[in-house]
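Undergrad: Coordinates in structure.cif, mmCIF, C-alpha atoms and all ligand atoms, are listed below.
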```
data_final
#
loop_
_atom_site.label_atom_id
_atom_site.label_comp_id
_atom_site.auth_asym_id
_atom_site.auth_seq_id
_atom_site.Cartn_x
_atom_site.Cartn_y
_atom_site.Cartn_z
CA MET I 1 26.94 -7.22 9.56
CA ASN I 2 28.81 -3.97 9.07
CA LEU I 3 26.44 -0.99 9.15
CA ASN I 4 29.10 1.61 9.97
CA TYR I 5 28.31 4.07 7.23
CA SER I 6 24.55 3.68 7.76
CA GLU I 7 25.16 4.58 11.42
CA THR I 8 27.22 7.62 10.46
CA LEU I 9 24.55 8.81 8.04
CA PHE I 10 21.78 8.21 10.56
CA ASN I 11 23.56 10.28 13.21
CA GLU I 12 24.12 13.05 10.70
CA ALA I 13 20.51 12.84 9.44
CA LYS I 14 19.11 13.19 12.95
CA LYS I 15 20.64 16.68 13.15
CA TYR I 16 18.66 17.95 10.19
CA ILE I 17 15.64 15.69 9.64
CA PRO I 18 13.09 14.84 12.38
CA GLY I 19 14.05 11.36 13.59
CA GLY I 20 16.61 11.18 10.80
CA VAL I 21 14.07 10.00 8.23
CA ASN I 22 11.55 11.44 5.83
CA SER I 23 8.84 8.91 6.68
CA PRO I 24 8.48 7.48 10.21
CA VAL I 25 8.36 3.71 9.59
CA ARG I 26 11.85 3.88 8.04
CA ALA I 27 13.38 4.88 11.38
CA PHE I 28 13.29 1.23 12.62
CA LYS I 29 11.81 2.53 15.88
CA SER I 30 9.46 -0.40 16.32
CA VAL I 31 12.12 -3.04 15.59
CA GLY I 32 15.10 -1.22 17.10
CA GLY I 33 18.55 -0.75 15.63
CA THR I 34 19.93 1.49 12.93
CA PRO I 35 17.95 2.09 9.74
CA VAL I 36 19.82 0.78 6.74
CA PHE I 37 20.66 3.53 4.26
CA MET I 38 20.32 2.25 0.71
CA LYS I 39 22.59 3.07 -2.16
CA SER I 40 21.12 1.23 -5.12
CA GLY I 41 18.55 -1.29 -6.22
CA ASN I 42 18.71 -3.77 -9.04
CA GLY I 43 16.13 -6.48 -9.70
CA SER I 44 15.30 -8.24 -6.45
CA LYS I 45 18.31 -6.79 -4.62
CA LEU I 46 19.02 -3.68 -2.60
CA ILE I 47 22.58 -2.67 -1.79
CA ASP I 48 23.23 -0.49 1.22
CA VAL I 49 25.88 2.18 1.71
CA ASP I 50 28.17 -0.33 3.45
CA GLY I 51 27.97 -2.74 0.54
CA ASN I 52 25.59 -5.27 2.15
CA VAL I 53 23.22 -6.93 -0.30
CA TYR I 54 19.61 -7.76 0.57
CA ILE I 55 16.78 -9.59 -1.13
CA ASP I 56 14.17 -6.86 -0.95
CA TYR I 57 10.52 -7.52 -0.05
CA ILE I 58 9.50 -3.88 0.39
CA GLY I 59 9.91 -2.87 -3.26
CA SER I 60 9.39 0.80 -2.37
CA TRP I 61 6.21 -0.28 -0.54
CA GLY I 62 4.63 -1.99 -3.50
CA PRO I 63 5.21 -0.40 -6.88
CA HIS I 64 8.17 -2.49 -8.02
CA LEU I 65 6.28 -5.35 -9.64
CA PHE I 66 9.32 -5.96 -11.86
CA GLY I 67 11.95 -5.39 -9.20
CA HIS I 68 14.28 -2.41 -8.98
CA ASN I 69 15.24 -0.42 -12.01
CA PRO I 70 13.84 -2.66 -14.78
CA PRO I 71 15.48 -1.74 -18.12
CA PHE I 72 12.20 -0.95 -19.91
CA ILE I 73 11.20 1.65 -17.32
CA LYS I 74 14.69 3.12 -17.23
CA GLU I 75 14.61 3.45 -21.01
CA ALA I 76 11.23 5.21 -20.93
CA LEU I 77 12.61 7.64 -18.36
CA PHE I 78 15.77 8.38 -20.33
CA THR I 79 13.68 9.10 -23.41
CA ALA I 80 11.34 11.41 -21.49
CA ILE I 81 14.12 13.30 -19.74
CA GLU I 82 15.57 14.34 -23.10
CA ASN I 83 12.47 16.48 -23.56
CA GLY I 84 12.44 18.16 -20.15
CA THR I 85 11.43 17.40 -16.58
CA SER I 86 8.31 19.47 -15.83
CA PHE I 87 6.15 21.86 -17.82
CA GLY I 88 3.13 22.63 -15.68
CA ALA I 89 1.19 22.29 -18.95
CA PRO I 90 -0.72 19.41 -20.54
CA THR I 91 1.18 16.69 -22.41
CA GLU I 92 0.27 13.77 -24.66
CA ALA I 93 1.66 11.33 -22.07
CA GLU I 94 -1.13 12.29 -19.64
CA VAL I 95 -3.80 11.51 -22.20
CA LYS I 96 -2.27 8.12 -23.03
CA MET I 97 -1.93 7.33 -19.34
CA ALA I 98 -5.50 8.29 -18.43
CA LYS I 99 -6.85 6.24 -21.36
CA LEU I 100 -4.79 3.22 -20.35
CA ILE I 101 -5.96 3.36 -16.72
CA THR I 102 -9.60 3.49 -17.82
CA GLU I 103 -8.96 0.44 -20.01
CA LEU I 104 -7.32 -1.58 -17.25
CA VAL I 105 -9.72 -0.68 -14.42
CA PRO I 106 -13.31 -0.57 -15.72
CA SER I 107 -14.69 1.46 -12.78
CA MET I 108 -12.32 4.33 -13.67
CA GLU I 109 -14.35 6.16 -16.28
CA MET I 110 -12.39 9.36 -15.67
CA VAL I 111 -9.16 9.93 -13.81
CA ARG I 112 -7.22 12.86 -12.34
CA MET I 113 -3.47 12.55 -11.75
CA VAL I 114 -1.92 13.76 -8.50
CA ASN I 115 1.48 13.23 -6.84
CA SER I 116 0.92 10.78 -4.00
CA GLY I 117 -1.57 8.44 -2.40
CA THR I 118 -2.26 11.06 0.27
CA GLU I 119 -3.28 13.59 -2.36
CA ALA I 120 -5.43 10.99 -4.09
CA THR I 121 -7.42 10.02 -0.99
CA MET I 122 -7.93 13.55 0.29
CA SER I 123 -9.11 14.66 -3.14
CA ALA I 124 -11.47 11.69 -3.49
CA VAL I 125 -13.14 12.49 -0.17
CA ARG I 126 -13.47 16.17 -1.16
CA VAL I 127 -15.15 15.18 -4.43
CA ALA I 128 -17.48 12.79 -2.58
CA ARG I 129 -18.48 15.60 -0.22
CA GLY I 130 -18.96 18.07 -3.06
CA TYR I 131 -20.97 15.61 -5.13
CA THR I 132 -23.27 14.40 -2.34
CA GLY I 133 -23.51 17.72 -0.47
CA LYS I 134 -22.81 15.85 2.79
CA ASN I 135 -19.88 16.28 5.19
CA LYS I 136 -19.23 13.11 7.16
CA PHE I 137 -17.38 10.03 5.98
CA ILE I 138 -16.57 6.60 7.39
CA LYS I 139 -13.15 5.01 7.55
CA PHE I 140 -12.10 1.74 9.18
CA GLU I 141 -9.95 1.26 12.24
CA GLY I 142 -6.45 0.22 11.17
CA CYS I 143 -6.84 1.43 7.58
CA TYR I 144 -4.41 4.13 6.53
CA HIS I 145 -5.24 6.63 3.81
CA GLY I 146 -2.25 8.93 3.96
CA HIS I 147 -1.66 11.78 6.35
CA ALA I 148 -4.40 14.34 5.64
CA ASP I 149 -5.80 15.58 8.98
CA TYR I 150 -9.18 13.88 8.83
CA PHE I 151 -7.65 10.47 8.03
CA LEU I 152 -5.30 10.40 11.02
CA ILE I 153 -7.95 9.00 13.29
CA LYS I 154 -7.45 5.41 14.40
CA ALA I 155 -5.12 5.08 11.42
CA GLY I 156 -2.84 2.20 10.45
CA SER I 157 0.76 1.96 9.17
CA GLY I 158 3.29 4.15 11.02
CA ALA I 159 0.53 5.82 13.02
CA LEU I 160 -0.44 2.44 14.43
CA THR I 161 3.14 1.24 14.81
CA PHE I 162 4.07 4.29 16.87
CA GLY I 163 0.97 4.13 19.03
CA VAL I 164 -0.46 7.49 17.89
CA PRO I 165 -3.22 6.33 15.58
CA THR I 166 -4.93 9.67 16.21
CA SER I 167 -2.35 12.41 15.77
CA PRO I 168 -2.00 15.62 17.76
CA GLY I 169 -2.49 18.54 15.38
CA VAL I 170 -5.76 17.10 14.11
CA THR I 171 -8.39 19.56 15.34
CA THR I 172 -11.64 18.49 16.97
CA GLY I 173 -13.42 20.14 14.06
CA ASN I 174 -11.52 18.05 11.55
CA ALA I 175 -12.03 14.84 13.48
CA ALA I 176 -15.75 15.45 14.00
CA ASP I 177 -16.68 14.48 10.45
CA THR I 178 -14.62 11.26 10.47
CA LEU I 179 -16.57 8.24 11.68
CA VAL I 180 -14.70 5.03 12.41
CA ALA I 181 -16.06 1.53 11.76
CA ASP I 182 -14.69 -1.96 12.39
CA PHE I 183 -13.16 -3.72 9.40
CA ASN I 184 -15.12 -6.75 8.20
CA ASN I 185 -18.00 -5.86 10.55
CA ILE I 186 -21.12 -4.78 8.68
CA ASP I 187 -23.09 -4.10 11.87
CA SER I 188 -20.68 -1.35 12.87
CA ILE I 189 -21.35 0.33 9.50
CA LYS I 190 -25.10 -0.07 9.88
CA SER I 191 -25.02 1.59 13.32
CA LEU I 192 -23.00 4.56 12.04
CA ILE I 193 -25.35 5.02 9.10
CA ASN I 194 -28.40 4.92 11.37
CA GLU I 195 -26.88 7.35 13.84
CA ASN I 196 -25.92 9.80 11.06
CA LYS I 197 -28.85 9.53 8.70
CA ASN I 198 -28.35 11.48 5.43
CA GLU I 199 -25.10 12.99 6.69
CA ILE I 200 -22.55 10.54 5.30
CA ALA I 201 -20.89 11.40 1.98
CA ALA I 202 -18.59 8.40 1.64
CA VAL I 203 -17.13 5.22 3.02
CA ILE I 204 -13.42 4.83 2.28
CA ILE I 205 -11.77 1.44 2.66
CA GLU I 206 -8.60 -0.42 1.77
CA PRO I 207 -10.55 -3.40 0.42
CA ILE I 208 -7.45 -5.49 0.94
CA ALA I 209 -5.80 -3.62 3.75
CA GLY I 210 -2.02 -3.38 3.75
CA ASN I 211 -1.55 -0.91 6.56
CA MET I 212 -2.49 -3.10 9.53
CA GLY I 213 -0.58 -5.85 7.80
CA THR I 214 -2.40 -7.65 4.99
CA VAL I 215 -6.05 -8.16 5.88
CA ARG I 216 -8.62 -8.94 3.28
CA ALA I 217 -12.26 -7.81 3.36
CA SER I 218 -14.52 -10.84 3.13
CA TYR I 219 -16.69 -11.22 0.02
CA GLU I 220 -19.84 -11.06 2.11
CA PHE I 221 -18.78 -7.94 3.99
CA ILE I 222 -17.74 -5.99 0.91
CA ARG I 223 -20.87 -7.00 -1.02
CA GLU I 224 -23.10 -5.85 1.84
CA LEU I 225 -21.09 -2.65 2.14
CA ARG I 226 -21.61 -1.95 -1.56
CA GLU I 227 -25.36 -2.54 -1.25
CA LEU I 228 -25.67 -0.33 1.83
CA CYS I 229 -23.75 2.53 0.22
CA SER I 230 -25.93 2.40 -2.90
CA ALA I 231 -29.13 2.29 -0.86
CA GLU I 232 -28.09 5.26 1.31
CA ASN I 233 -26.65 7.49 -1.43
CA ILE I 234 -23.17 7.13 0.09
CA LEU I 235 -20.17 6.92 -2.25
CA LEU I 236 -17.93 3.89 -1.85
CA ILE I 237 -14.26 4.76 -2.23
CA PHE I 238 -11.69 2.00 -2.66
CA ASP I 239 -8.23 3.04 -1.55
CA GLU I 240 -6.10 0.95 -3.89
CA VAL I 241 -2.86 2.80 -3.26
CA MET I 242 -1.27 -0.52 -2.27
CA THR I 243 -3.43 -3.03 -4.12
CA GLY I 244 -3.99 -1.30 -7.46
CA PHE I 245 -2.14 -3.15 -10.27
CA ARG I 246 -0.45 -5.16 -7.49
CA VAL I 247 -2.90 -7.90 -6.52
CA ALA I 248 -4.45 -8.05 -10.01
CA LYS I 249 -4.55 -5.99 -13.20
CA GLY I 250 -7.82 -4.47 -12.03
CA GLY I 251 -6.74 -4.29 -8.37
CA ALA I 252 -8.67 -5.48 -5.32
CA GLN I 253 -11.96 -4.51 -6.98
CA GLU I 254 -11.32 -7.14 -9.66
CA ILE I 255 -10.58 -9.83 -7.05
CA LEU I 256 -13.57 -8.92 -4.90
CA GLY I 257 -15.91 -8.39 -7.86
CA ILE I 258 -17.12 -4.99 -6.62
CA THR I 259 -17.45 -1.70 -8.51
CA PRO I 260 -16.60 1.26 -6.27
CA ASP I 261 -17.80 4.78 -7.09
CA LEU I 262 -14.31 6.23 -6.73
CA SER I 263 -10.85 4.67 -6.42
CA THR I 264 -7.45 5.97 -5.42
CA PHE I 265 -4.05 4.82 -6.63
CA GLY I 266 -0.48 5.58 -5.64
CA LYS I 267 3.14 5.15 -6.62
CA ILE I 268 2.58 2.00 -8.66
CA ILE I 269 1.06 3.98 -11.51
CA GLY I 270 4.27 5.99 -11.73
CA GLY I 271 6.42 2.88 -11.94
CA GLY I 272 7.80 3.94 -8.54
CA LEU I 273 8.03 7.66 -9.25
CA PRO I 274 5.97 10.04 -7.08
CA VAL I 275 2.45 9.69 -8.49
CA GLY I 276 -1.11 9.17 -7.37
CA ALA I 277 -4.49 9.27 -9.06
CA PHE I 278 -8.15 9.28 -8.19
CA GLY I 279 -11.05 8.56 -10.44
CA GLY I 280 -14.26 6.69 -10.99
CA LYS I 281 -17.74 7.31 -12.31
CA LYS I 282 -17.84 10.03 -14.97
CA GLU I 283 -20.85 11.69 -13.40
CA ILE I 284 -18.92 12.12 -10.13
CA MET I 285 -15.59 13.07 -11.67
CA GLU I 286 -17.34 15.78 -13.68
CA PHE I 287 -17.61 17.63 -10.37
CA VAL I 288 -13.84 18.15 -10.40
CA SER I 289 -12.50 21.57 -11.38
CA PRO I 290 -12.36 23.06 -14.02
CA LEU I 291 -15.36 21.07 -15.27
CA GLY I 292 -17.11 21.20 -11.91
CA PRO I 293 -16.95 23.17 -8.67
CA VAL I 294 -14.72 20.90 -6.54
CA TYR I 295 -11.24 22.44 -6.59
CA GLN I 296 -8.12 20.33 -6.96
CA ALA I 297 -4.80 21.29 -8.60
CA GLY I 298 -1.02 20.74 -8.73
CA THR I 299 1.96 21.87 -10.82
CA LEU I 300 3.59 18.45 -10.77
CA SER I 301 0.38 16.51 -11.44
CA GLY I 302 0.81 14.46 -14.60
CA ASN I 303 4.55 15.13 -14.52
CA PRO I 304 6.12 13.92 -17.81
CA LEU I 305 8.78 11.74 -16.17
CA ALA I 306 6.29 10.04 -13.88
CA MET I 307 3.83 9.56 -16.72
CA SER I 308 6.44 7.97 -18.97
CA ALA I 309 7.60 5.51 -16.30
CA GLY I 310 4.03 4.72 -15.31
CA TYR I 311 2.85 4.28 -18.87
CA ALA I 312 5.74 1.91 -19.62
CA MET I 313 4.81 -0.18 -16.60
CA LEU I 314 1.05 -0.29 -17.13
CA ASN I 315 1.41 -0.91 -20.83
CA TYR I 316 3.71 -3.84 -20.09
CA ILE I 317 1.03 -5.22 -17.77
CA LYS I 318 -1.62 -4.78 -20.46
CA GLU I 319 0.45 -6.60 -23.06
CA ASN I 320 1.67 -9.37 -20.77
CA PRO I 321 -1.32 -10.80 -18.91
CA SER I 322 0.87 -13.59 -17.52
CA VAL I 323 2.43 -11.07 -15.10
CA TYR I 324 -0.12 -11.89 -12.41
CA SER I 325 -0.05 -15.67 -12.76
CA GLU I 326 3.74 -15.57 -12.52
CA LEU I 327 3.54 -13.35 -9.43
CA GLU I 328 0.98 -15.71 -7.94
CA ALA I 329 3.21 -18.75 -8.54
CA LYS I 330 6.20 -17.09 -6.88
CA SER I 331 4.13 -15.85 -3.94
CA LYS I 332 2.50 -19.25 -3.47
CA PHE I 333 5.94 -20.87 -3.43
CA LEU I 334 6.94 -18.51 -0.64
CA GLU I 335 3.70 -19.07 1.25
CA ASP I 336 4.04 -22.86 1.05
CA GLY I 337 7.61 -22.66 2.32
CA PHE I 338 6.65 -20.34 5.18
CA ASN I 339 3.74 -22.54 6.19
CA GLU I 340 5.93 -25.64 6.07
CA ASN I 341 8.40 -23.89 8.38
CA LEU I 342 5.68 -22.90 10.82
CA LYS I 343 4.35 -26.42 10.84
CA SER I 344 7.71 -27.96 11.57
CA LEU I 345 8.26 -25.45 14.39
CA ASN I 346 4.78 -26.21 15.68
CA LYS I 347 3.64 -22.60 15.45
CA LYS I 348 0.29 -21.47 14.12
CA PHE I 349 1.10 -17.84 13.38
CA ALA I 350 -1.39 -16.18 11.06
CA PHE I 351 -0.12 -15.80 7.53
CA ASN I 352 -2.29 -13.65 5.26
CA ARG I 353 -1.56 -13.37 1.57
CA VAL I 354 -3.45 -11.95 -1.38
CA GLY I 355 -1.54 -12.30 -4.64
CA SER I 356 1.95 -10.89 -4.27
CA MET I 357 1.39 -9.09 -0.97
CA GLY I 358 1.20 -10.65 2.45
CA THR I 359 2.03 -10.51 6.15
CA LEU I 360 3.20 -12.99 8.75
CA PHE I 361 1.52 -11.94 11.99
CA PHE I 362 3.11 -13.01 15.25
CA THR I 363 -0.21 -14.14 16.68
CA GLU I 364 -2.01 -17.43 16.56
CA ASN I 365 -5.36 -15.63 16.18
CA GLU I 366 -6.91 -15.46 12.75
CA VAL I 367 -6.27 -11.88 11.59
CA ILE I 368 -9.40 -10.33 10.11
CA ASP I 369 -9.46 -6.80 11.54
CA TYR I 370 -7.65 -4.24 13.67
CA ASN I 371 -8.15 -6.04 17.01
CA SER I 372 -6.86 -9.36 15.76
CA ALA I 373 -3.93 -7.64 14.01
CA VAL I 374 -2.83 -5.89 17.20
CA SER I 375 -2.90 -9.15 19.12
CA SER I 376 0.48 -9.75 17.40
CA ASP I 377 3.65 -9.87 19.47
CA THR I 378 5.44 -6.86 17.99
CA LYS I 379 8.57 -7.42 20.11
CA LEU I 380 8.92 -10.88 18.61
CA TYR I 381 8.42 -9.41 15.15
CA GLY I 382 11.29 -7.01 15.87
CA LYS I 383 13.58 -9.92 16.72
CA PHE I 384 12.48 -11.81 13.63
CA PHE I 385 13.06 -8.74 11.47
CA HIS I 386 16.69 -8.46 12.64
CA GLU I 387 17.38 -12.18 12.24
CA MET I 388 16.12 -11.91 8.67
CA LEU I 389 18.07 -8.71 8.01
CA ASN I 390 21.27 -10.37 9.22
CA ARG I 391 20.63 -13.14 6.72
CA GLY I 392 20.24 -10.61 3.91
CA ILE I 393 16.46 -10.46 3.75
CA TYR I 394 14.94 -6.97 3.83
CA LEU I 395 11.39 -6.94 5.24
CA ALA I 396 9.18 -4.10 6.44
CA PRO I 397 10.60 -2.70 9.71
CA ALA I 398 7.19 -2.95 11.40
CA GLN I 399 4.63 -5.69 12.01
CA PHE I 400 1.69 -3.75 10.59
CA GLU I 401 2.89 -3.63 7.00
CA ALA I 402 3.01 -5.99 4.03
CA PHE I 403 5.74 -7.73 2.08
CA PHE I 404 5.74 -7.59 -1.71
CA VAL I 405 6.99 -10.24 -4.13
CA SER I 406 8.20 -9.10 -7.55
CA LEU I 407 8.81 -10.85 -10.84
CA SER I 408 12.52 -10.34 -10.28
CA HIS I 409 12.55 -12.67 -7.26
CA SER I 410 14.26 -15.82 -8.54
CA GLU I 411 13.68 -19.32 -7.25
CA GLU I 412 17.05 -19.02 -5.54
CA ASP I 413 15.92 -15.78 -3.81
CA LEU I 414 12.68 -17.34 -2.66
CA SER I 415 14.37 -20.53 -1.42
CA LYS I 416 16.95 -18.52 0.48
CA THR I 417 14.12 -16.49 2.04
CA ILE I 418 12.28 -19.63 3.15
CA LYS I 419 15.46 -21.08 4.64
CA SER I 420 16.21 -17.80 6.40
CA GLN I 421 12.70 -17.67 7.78
CA TYR I 422 13.14 -21.12 9.31
CA GLU I 423 16.50 -20.26 10.86
CA SER I 424 15.25 -16.88 12.11
CA LEU I 425 12.14 -18.32 13.73
CA LYS I 426 14.20 -21.08 15.30
CA ALA I 427 16.59 -18.50 16.72
CA ILE I 428 13.89 -16.43 18.40
CA LEU I 429 11.26 -18.95 19.55
N1 LIG I 501 3.43 4.31 5.13
C1 LIG I 501 4.24 3.51 4.28
C2 LIG I 501 3.91 2.08 4.40
N2 LIG I 501 2.58 1.73 4.52
C3 LIG I 501 5.70 3.70 4.52
C4 LIG I 501 6.20 4.82 3.72
C5 LIG I 501 7.73 4.94 3.68
O1 LIG I 501 8.37 4.94 4.71
O2 LIG I 501 8.25 5.08 2.58
#
```
Here is a file; write its structure as structure tokens.
TA:
Amino acid sequence: MNLNYSETLFNEAKKYIPGGVNSPVRAFKSVGGTPVFMKSGNGSKLIDVDGNVYIDYIGSWGPHLFGHNPPFIKEALFTAIENGTSFGAPTEAEVKMAKLITELVPSMEMVRMVNSGTEATMSAVRVARGYTGKNKFIKFEGCYHGHADYFLIKAGSGALTFGVPTSPGVTTGNAADTLVADFNNIDSIKSLINENKNEIAAVIIEPIAGNMGTVRASYEFIRELRELCSAENILLIFDEVMTGFRVAKGGAQEILGITPDLSTFGKIIGGGLPVGAFGGKKEIMEFVSPLGPVYQAGTLSGNPLAMSAGYAMLNYIKENPSVYSELEAKSKFLEDGFNENLKSLNKKFAFNRVGSMGTLFFTENEVIDYNSAVSSDTKLYGKFFHEMLNRGIYLAPAQFEAFFVSLSHSEEDLSKTIKSQYESLKAIL
């Protein structure tokens, strides 16, 4: 495969951008080789700067439910751009968007728009602290909630991939209020609550984690967690930056049948544009400025372009409930093919899937938490990644991430992916 121009751009980028990329996982450091610089995306395909075409399973890390550049979102954007790009003042689009989100996700009685998942999670924790008058919060090992200081403690995604789950630059003071529990382990939560009686404002969790690879909270665990939080006056925050509107119309909370106190969302509600949101119970959200004392602000929050793309996408979902059954059928087809391949190669690698997101872990352990996820052979994943890339399949360049299926993936795309998986595994095992 010719990656000459990608190589040129990467060398040039390294002179001006740390590591040559604007987000670490993109640097291919954990799989080796040159990051592929993309030129355009259309439907299920990405085309790089050297003209290579890939079937894309990253989909901008989740938001592209309909593939790249779907005409109805493009049209909404063109219409919005005619009126201007940013006002720093309220618009009708924000009102429509907020109303629609509250309709689609019942726990979201009120919502505040921000610009990224990181902003959403850090704001949600601030509100939880302001509302409860307590300082500490619990996160789970391997879960990633963006890069605010107090989240970069035993974090997932790139932090985990690069072996610095707790980042330098995070002060002891900042880290002191972050308590870390084991995913899917209710006893670890109980111990932390007992050791920090009346000091914990919130528990934040990716209820279906995507940032240590795809790992789902068990029904029993999440139900007990909900009960404990209610009993102890601790707010339960669902980080649905990856799962919101991806695994179901109502996100992971719909699948798990749990009502969180607050939820956070990311790029998917902007149809792929830079957006985030946090929201939840009215009584809690009324603590947010200017109604309440907890300060949170941003010029680009509720940006008209992002709102128009996001509204087009969410409204499509609302009017076409079959979106999720179609995604499920495509994802199941892929899962069946992958499992068939593994069986014929006599490998029992863990394959976790929830709806249209999933991860093939290079471990034969069942993957239910951080420890089982990191039992994966990441070197082998790196080899697999390159075999797939050479066959025109673009996967996450790190083991501890998810793949995303979109409605634009055709049967031909999926069949080619299954065939490529077989050939790639055969080549490396
Ligand atoms: N942290 C993101 C995946 N979980 C990757 C972000 C990016 O490189 O765009």
Undergrad: Could you check the closest approach to ligand LIG 501 (chain I) for each of I:Ile317, I:Met242, I:Ala120, I:Ile204 and tell me which residue wins, using all atoms listed in the file?
TA: I:Met242
Undergrad: Looking at I:Lys197, I:His145, I:Arg129, I:Arg112, which one is nearest to ligand LIG 501 (chain I), with distances taken over all atoms listed in the file?
TA: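 Once distances to ligand LIG 501 (chain I) are computed over all atoms listed in the file, the minimum belongs to I:His145.
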Undergrad: What is the distance between atom CA of Asn184 of chain I and atom CA of Thr121 of chain I, in Å to one decimal?
TA: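 For atom CA of Asn184 of chain I relative to atom CA of Thr121 of chain I, the distance reads 20.6 Å.
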Undergrad: Check every protein, DNA and RNA residue against ligand LIG 501 (chain I), keep those with an atom at most 8 Å away (counting only C-alpha atoms and all ligand atoms), and present them as number ranges by chain.
TA: I: 22-26, 60-61, 144, 146, 157-158, 210-211, 401-402
Undergrad: With only C-alpha atoms as the basis for distance, which of I:Ser410, I:Ser116, I:Thr166, I:Ser424 is at the shortest distance from Leu389 of chain I?
TA: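 The closest residue to Leu389 of chain I is I:Ser424.
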Undergrad: Just how far from atom CA of Leu300 of chain I is atom CA of Asn115 of chain I, in Å to one decimal?
TA: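 Taking atom CA of Asn115 of chain I as the start and atom CA of Leu300 of chain I as the end point, the length is 6.9 Å.
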Undergrad: Here is a test: counting only C-alpha atoms, which residue of I:Gly358, I:Pro304, I:Gly62, I:Gly292 is nearest to Ser406 of chain I?
TA: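 Closest candidate: I:Gly62.
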Undergrad: Determine, for each residue of segment 283-376 of chain I having at least one atom at most 8 Å from an atom of segment 251-272 of chain I, the closest pair of atoms and their separation in Å to one decimal, counting all atoms listed in the file; order by chain and ascending number, as CSV.
TA:
```
residue,atom,partner,partner_atom,distance
I:Ala306,CA,I:Gly270,CA,5.0
I:Met307,CA,I:Gly270,CA,6.2
I:Ser308,CA,I:Gly270,CA,7.8
I:Ala309,CA,I:Gly271,CA,5.2
I:Gly310,CA,I:Gly270,CA,3.8
I:Tyr311,CA,I:Gly270,CA,7.5
I:Ala312,CA,I:Gly271,CA,7.8
I:Met313,CA,I:Gly271,CA,5.8
I:Leu314,CA,I:Ile269,CA,7.1
```
Undergrad: Which residues come within 6 Å of Met108 of chain I, counting only C-alpha atoms, excluding same-chain residues fewer than 4 positions away, as a PyMOL selection string?
TA: chain I and resi 102+279-280
Undergrad: So that I can check the surroundings of Glu326 of chain I, please list as a PDB file with C-alpha atoms, keeping the file's coordinate frame every protein, DNA and RNA residue that reaches within 12 Å of it, counting only C-alpha atoms and ignoring chain neighbours fewer than 6 positions away.
TA:
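New file out31.pdb:
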```
ATOM      1  CA  LEU I  65       6.280  -5.350  -9.640  1.00  0.00           C
ATOM      2  CA  PHE I  66       9.320  -5.960 -11.860  1.00  0.00           C
ATOM      3  CA  VAL I 247      -2.900  -7.900  -6.520  1.00  0.00           C
ATOM      4  CA  ALA I 248      -4.450  -8.050 -10.010  1.00  0.00           C
ATOM      5  CA  ILE I 317       1.030  -5.220 -17.770  1.00  0.00           C
ATOM      6  CA  ASN I 320       1.670  -9.370 -20.770  1.00  0.00           C
ATOM      7  CA  LYS I 332       2.500 -19.250  -3.470  1.00  0.00           C
ATOM      8  CA  PHE I 333       5.940 -20.870  -3.430  1.00  0.00           C
ATOM      9  CA  GLY I 355      -1.540 -12.300  -4.640  1.00  0.00           C
ATOM     10  CA  SER I 356       1.950 -10.890  -4.270  1.00  0.00           C
ATOM     11  CA  VAL I 405       6.990 -10.240  -4.130  1.00  0.00           C
ATOM     12  CA  SER I 406       8.200  -9.100  -7.550  1.00  0.00           C
ATOM     13  CA  LEU I 407       8.810 -10.850 -10.840  1.00  0.00           C
ATOM     14  CA  SER I 408      12.520 -10.340 -10.280  1.00  0.00           C
ATOM     15  CA  HIS I 409      12.550 -12.670  -7.260  1.00  0.00           C
ATOM     16  CA  SER I 410      14.260 -15.820  -8.540  1.00  0.00           C
ATOM     17  CA  GLU I 411      13.680 -19.320  -7.250  1.00  0.00           C
TER      18      GLU I 411
END
```
Undergrad: Write out as a ChimeraX atom specification which residues come within 10 Å of Asn196 of chain I when counting all atoms listed in the file, dropping same-chain ones fewer than 5 positions away.
TA: /I:136-137,179,190-191
Undergrad: Please produce a file of those selected residues containing C-alpha atoms, as a short mmCIF file (atom, residue, chain, number, x, y, z; two decimals), in the coordinates of the input.
TA:
```
data_model
loop_
_atom_site.label_atom_id
_atom_site.label_comp_id
_atom_site.auth_asym_id
_atom_site.auth_seq_id
_atom_site.Cartn_x
_atom_site.Cartn_y
_atom_site.Cartn_z
CA LYS I 136 -19.23 13.11 7.16
CA PHE I 137 -17.38 10.03 5.98
CA LEU I 179 -16.57 8.24 11.68
CA LYS I 190 -25.10 -0.07 9.88
CA SER I 191 -25.02 1.59 13.32
#
```
Undergrad: Using all atoms listed in the file, pick whichever of I:Glu240, I:Glu227, I:Asp50, I:Asp336 has the shortest atom-to-atom distance to Thr118 of chain I.
TA: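 With all atoms listed in the file as the atom set, the closest residue is I:Glu240.
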Undergrad: Could you check which of I:Ala398, I:Val367, I:Leu360, I:Val241 is closest to Gly276 of chain I, using all atoms listed in the file?
TA: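 Smallest separation from Gly276 of chain I among the options: I:Val241.
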